[in-house]
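Undergrad: This is the structure, below, for whatever I ask next.
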Amino acid sequence: MNNSKRNLWVDYLRSAITVLVVAHHSSLAYTTFARFDNNVYINSTHPIVDSKRWIGLDIFQNFNDVFFMSLMFLIGGLFLMKSINKKGVFNFIRDRFYRLFIPFLFLGTFFMVIAYFPPYHVVYNNFNIVAHIKDFFVIEKWPAGPPWFIWVLFLFNLLFALFLSQFNKASEKIGKRLSDLKNKPLTFFGLLFSISWILYVPIAHIMGAGDWTGIGPFDFQISRILLYFGYFTFGILIGNTDFNNELFSAKSVIVKKWWLWLSLSLAAYFVLTIIGEPLTQLVKEKKIEEINAYMIYYTVYVASCTLSSVAFITVFVRFIHTEKKWWNSLSENAYLIYIVHFIFVLWSQFLLMKFNIPAFVKFLLSFTVSLSLSWLVSKWLRKVKVVKKYL
């Protein structure tokens with residue numbers, strides 16, 4: 001559904017983050033920390049790893065990684081209550097099943113089989129499609145790729161739909177209190193920061209920040225699953241208010257301070273980028289306990305996540321007022337772009353491996369080709385009625 005007229009800034013923000021996702025994946029082949037596993041490619045930091053690297057892409061991709069999926073889940077919750085009230089619980093679940101679960105399981109799997117052929121070729125140096133498919137499901141254990149977000153979003157939607165009556169009792173009171181924070185920016189930030197800290201830091205410290213788990217394509221990042229659920233819930237609570245005229249209205253002090261959120265988000269990420277090595281050194285010199293070093297780093301991480309999320313929201317509320325034809329097209333096709341883009345990312349990175357050109361140029365080529373072709377394929381697929389109806 002296109003909400004561009006009713007909630008233009010939300011619609012455009014969602015599509016802008018989708019573009020960031022494409023750019024993020026386009027950069028991962030060229031980071032200085034990129035590592036390729038020559039036995040099981042899915043254990044690599046990215047399925048294609050180039051010999052050309054640039055530390056600037058480390059900084060870019062990590063900035064995205066800190067916040068953008070949390071913000072995507074927040075946006076994903078904004079219209080849940082309105083949608084359930086309009087359609088009813090049964091029709092809502094059925095709609096989400098067709099819009100999220102079916103595309104994830106079937107389209108997602110089909111597209112990922114195509115996307116992961118280049119890393120298979122890098123490992124085995126052959127073009128045996130049947131062997132690749134067998135390797136995809138058996139050795140690589142059915143990697144979900146970027147569509148992991150879709151099944152987790154479906155699960156969150158399903159949980160709230162099934163437990164709606166219990167949630168409804170508290171949501172209106174909480175929503176009213178959230179609306180009252182429109183002129184209390186520090187309280188609003190403190191609330192979202194606290195929620196983020198509680199849901200992320202303990203589990204990240206105990207389980208580790210980077211581990212994934214799952215069965216088949218139903219994969220998720222252990223340390224962030226509660227954080228994502230918290231942002232999704234926060235989005236639902238905000239969406240249950242008249243947020244366009246209250247919390248995120250043009251008169252809201254939260255929105256008026258967009259420049260402050262933007263500045264602080266950049267400052268927090270700068271600190272996060274430089275703080276790791278000094279903390280490690282202090283631990284080695286026994287000048288600080290390891291647990292304290294972890295807590296400092298994770299706290300800055302959470303601050304960066306929270307500030308970047310608020311900055312993106314307020315900037316879009318402040319500046320997005322007029323529709324643009326090209327951006328409407330991007331928004332209409334953003335969901336399919338998200339599902340299909342990994343094919344073009346991995347294939348373009350694979351084809352660029354043999355060229356002796358700078359990493360940043362390869363990144364730009366991969367990003368431009370991937371976004372353009374994903375957009376074109378999406379527009380083509382959405383000419384099919386059933387695809388346009390749900391995607």
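Ligands are numbered from 1 in the order shown, chains are lettered A, B, ... in the order of the structure tokens, and residues start at 1 in each chain.
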Residues of segment 71-249 of chain A in helix (DSSP H, G or I) according to DSSP, as a ChimeraX atom specification?

TA: /A:71-77,80-87,89-115,117-124,129-138,148-162,164-183,185-207,222-239

Undergrad: Determine, counting only C-alpha atoms, which protein, DNA and RNA residues have an atom within 6 Å of an atom of segment 23-26 of chain A; residues of the same chain fewer than 2 positions away are not included. Present the result as a ChimeraX atom specification.

TA: /A:20-21,28,61,345,363,366-367

Undergrad: What is the atom CA of His321 of chain A to atom CA of Phe248 of chain A distance in Å?

TA: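 That distance, rounded to one decimal, is 13.3 Å.
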
Undergrad: DSSP on the backbone: what in segment 61-218 of chain A comes out strand (DSSP E or B), as JSON, numbers by chain?

TA: {"A": [212, 213, 214, 215, 218]}

Undergrad: What is the distance between atom CA of Lys354 of chain A and atom CA of Asn43 of chain A, in Å to one decimal?

TA: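 Straight-line distance from atom CA of Lys354 of chain A to atom CA of Asn43 of chain A works out to 22.7 Å.
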
Undergrad: Name the closest residue to Leu330 of chain A among the candidates A:Leu376, A:Leu266, A:Met207, A:Ile150; distances are taken between atoms, counting only C-alpha atoms.

TA: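 Using only C-alpha atoms, Leu330 of chain A sits closest to A:Leu376.
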
Undergrad: What is the atom CA of Phe360 of chain A to atom CA of Arg35 of chain A distance in Å?

TA: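 Separating atom CA of Phe360 of chain A from atom CA of Arg35 of chain A is a distance of 17.8 Å.
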
Undergrad: Nearest residue to Arg318 of chain A out of A:Lys256, A:Lys173, A:Arg382, A:Lys284, using only C-alpha atoms?

TA: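 Between A:Lys256, A:Lys173, A:Arg382, A:Lys284, the residue approaching Arg318 of chain A most closely is A:Lys256.
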